[in-house]
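First the structure, in the form of structure tokens, and then the observations on it.
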Amino acid sequence: MLQTKSEVLDTITTFIRDVIGEDWVEEIEITQDTSFNGELELESIEFVALAEKLQAHFGEDINFVEWLSGKDLEEIIALTVGDVAEFIAKCRS
Amino acid sequence: MSFVDANGVRLHVQSMGPNRSADAEPPVFLLHGLLLGNLVGWYFTLAPALAKNRRVLMHDLRGHGKSEAPPEGYDLDTMAADLGGLIDHFEPDGRPVDLVGHSWGALVAMTYALYHPNRVRRLVVIEAPLPPSNFEEMQSFMSLSPREMMEKLPNTSARNLISGGRQALRLLSNLVRLVRKTSCVADFKNARDIPDALLACLGRPVLALYGNRSPCRGVGDRLARVLPQCRLRELAGGHNLHMEATQALIDEITEFFDDGMEHPRIEPACAVSGR
């Protein structure tokens, strides 16, 4: 089952709202340019929870943690929602 | 988020790598340090490398990260019993596991190994401080307010990561909870040394890793002298080796786990009683 990047983006957006679980996040628009560290101010431990959800949802096709472990902290901090969507879409194509 | 009830406390656990199977390598449990540590410190550093061919299990110590924060029980014996609850949960058949601990987490792992030698195969001790509260830097750090502790964070990247309002507030509120509402700091300050005679009972292969710029460096020499089977390695860095020397740490640990040494079980002429 192939998914387009925009479908993947929708799934990620839902998971982000779940993980943060606070009212304000329901009201902000999450796009592919939204930064985890910037607009979302995601805690690193919430990032782990997001990775867990993505892995459970997309399965063995993606190795999110391995992808992240190849990056240094500065790169991880700069990641946008679109970067993650693109990685997942690429793994599934 | 995955949670396991162990020793009466709800602990946040993350698993990485292949799932449990009887013929695979036994899992390795990773234990972080006090106060500012949580399992994230492993998640993006050592864990992915160790998880290539085996299961890696990390938990937030009680009071840390997403784990429950009961008012008491931050001493080594209780935290070792927490770890024991997790090991029983994930390896109900009693297969021995490997343990890797940093700082206080290393002392928890050593305590568990002394009480339950048959449940531990190998032990990696990173920057274990002994006696625990003997280091002036740590004593003075433990006397700071939570906000001052945050300002002392060693790594500028880590500081950037928490410079945002929400992230800083959440980290601070966790720290306030731990310092003001639990016995964590008092338990740390009251922690006694593990005497040499007891360390000599640790009949499992130990890899001791210390930073050349760490205030704890001398403890590595003591462990190498006293433990029956100890490989001591000095790496370039300070106390937070998993952040400062990640690759060197991975190399040492994988070599230690892979070298196939058939570790003869040493049954020392001493008995350790406890939980």
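Residues in the structure tokens are named by chain (A, B, ... in the order shown) and by number from 1 within that chain; ligands are numbered from 1 in the order shown.
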
**Request:** Using only C-alpha atoms, select each residue of chain B with any atom at most 12 Å away from an atom of chain A, and give the selection as number ranges by chain.
**Result:** B: 1-3, 12-18, 37-52, 58-60, 64-67, 155-172, 243-244, 246-247

**Asked** Skipping near chain neighbours, those fewer than 6 positions away, what residues fall within 10 Å of Cys91 in chain A using only C-alpha atoms, listed as a PyMOL selection string?
**Response** chain A and resi 58+60-64+85

Restricted to C-alpha atoms, what would the selected residues look like written as a PDB file, in the first residue's frame?
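Generated output (again11.pdb):
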```
ATOM      1  CA  PHE A  58       4.385   2.307   9.409  1.00  0.00           C
ATOM      2  CA  GLU A  60       9.349  -2.441   9.634  1.00  0.00           C
ATOM      3  CA  ASP A  61       9.574  -0.508   6.360  1.00  0.00           C
ATOM      4  CA  ILE A  62      10.902   2.501   8.152  1.00  0.00           C
ATOM      5  CA  ASN A  63      13.749   2.699  10.588  1.00  0.00           C
ATOM      6  CA  PHE A  64      13.160   6.096  12.037  1.00  0.00           C
ATOM      7  CA  ALA A  85       7.195  12.850   5.958  1.00  0.00           C
TER       8      ALA A  85
END
```

**Message:** From a backbone DSSP assignment, name each residue in range 79-140 of chain B labelled helix (DSSP H, G or I), as a PyMOL selection string.
**Reply:** chain B and resi 79-90+104-115+117-119+136-140

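Closest to Met79 in chain B among B:Asp193, B:Glu252, B:Asp187, B:Asp258 is B:Asp187, based on only C-alpha atoms.
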
**Request:** Rank B:Pro117, B:Gly8, B:Gly33, B:Gly94 by their smallest atom-to-atom distance to His239 in chain B, using only C-alpha atoms, and report the top residue only.
**Result:** B:Gly33

Mind checking DSSP for range 117-275 of chain B and telling me the strand (DSSP E or B) residues as a compact mmCIF listing (two decimals) with C-alpha atoms, in the first residue's frame?
```txt
# COMPACT_ATOMS: atom_id res chain seq x y z
CA VAL B 120 23.46 -10.79 34.89
CA ARG B 121 25.82 -11.85 32.12
CA ARG B 122 27.97 -8.75 31.64
CA LEU B 123 28.06 -5.29 33.08
CA VAL B 124 29.18 -1.96 31.58
CA VAL B 125 29.83 0.75 34.14
CA ILE B 126 30.18 4.28 32.75
CA VAL B 206 32.78 -5.68 33.92
CA LEU B 207 33.78 -3.02 31.42
CA ALA B 208 34.53 0.23 33.28
CA LEU B 209 34.58 3.39 31.14
CA TYR B 210 35.80 6.70 32.52
CA GLY B 211 36.49 10.13 31.03
CA CYS B 230 37.38 -5.75 35.03
CA ARG B 231 38.46 -4.15 31.77
CA LEU B 232 39.15 -0.46 32.34
CA ARG B 233 39.16 2.01 29.44
CA GLU B 234 39.81 5.74 29.61
CA LEU B 235 38.08 7.83 26.95
```

**Request:** Do a neighbour search on Pro195 in chain B at 9 Å with only C-alpha atoms, toss out local chain neighbours closer than 4 positions, and write the hits as a PyMOL selection string.
**Result:** chain B and resi 131+199-200

**Item:** Test item: residues at most 8 Å from range 10-13 of chain A, only C-alpha atoms, excluding those fewer than 2 positions along its chain, as a VMD selection string
**Value:** chain A and resid 6 to 8 15 to 17 30 54 81 85
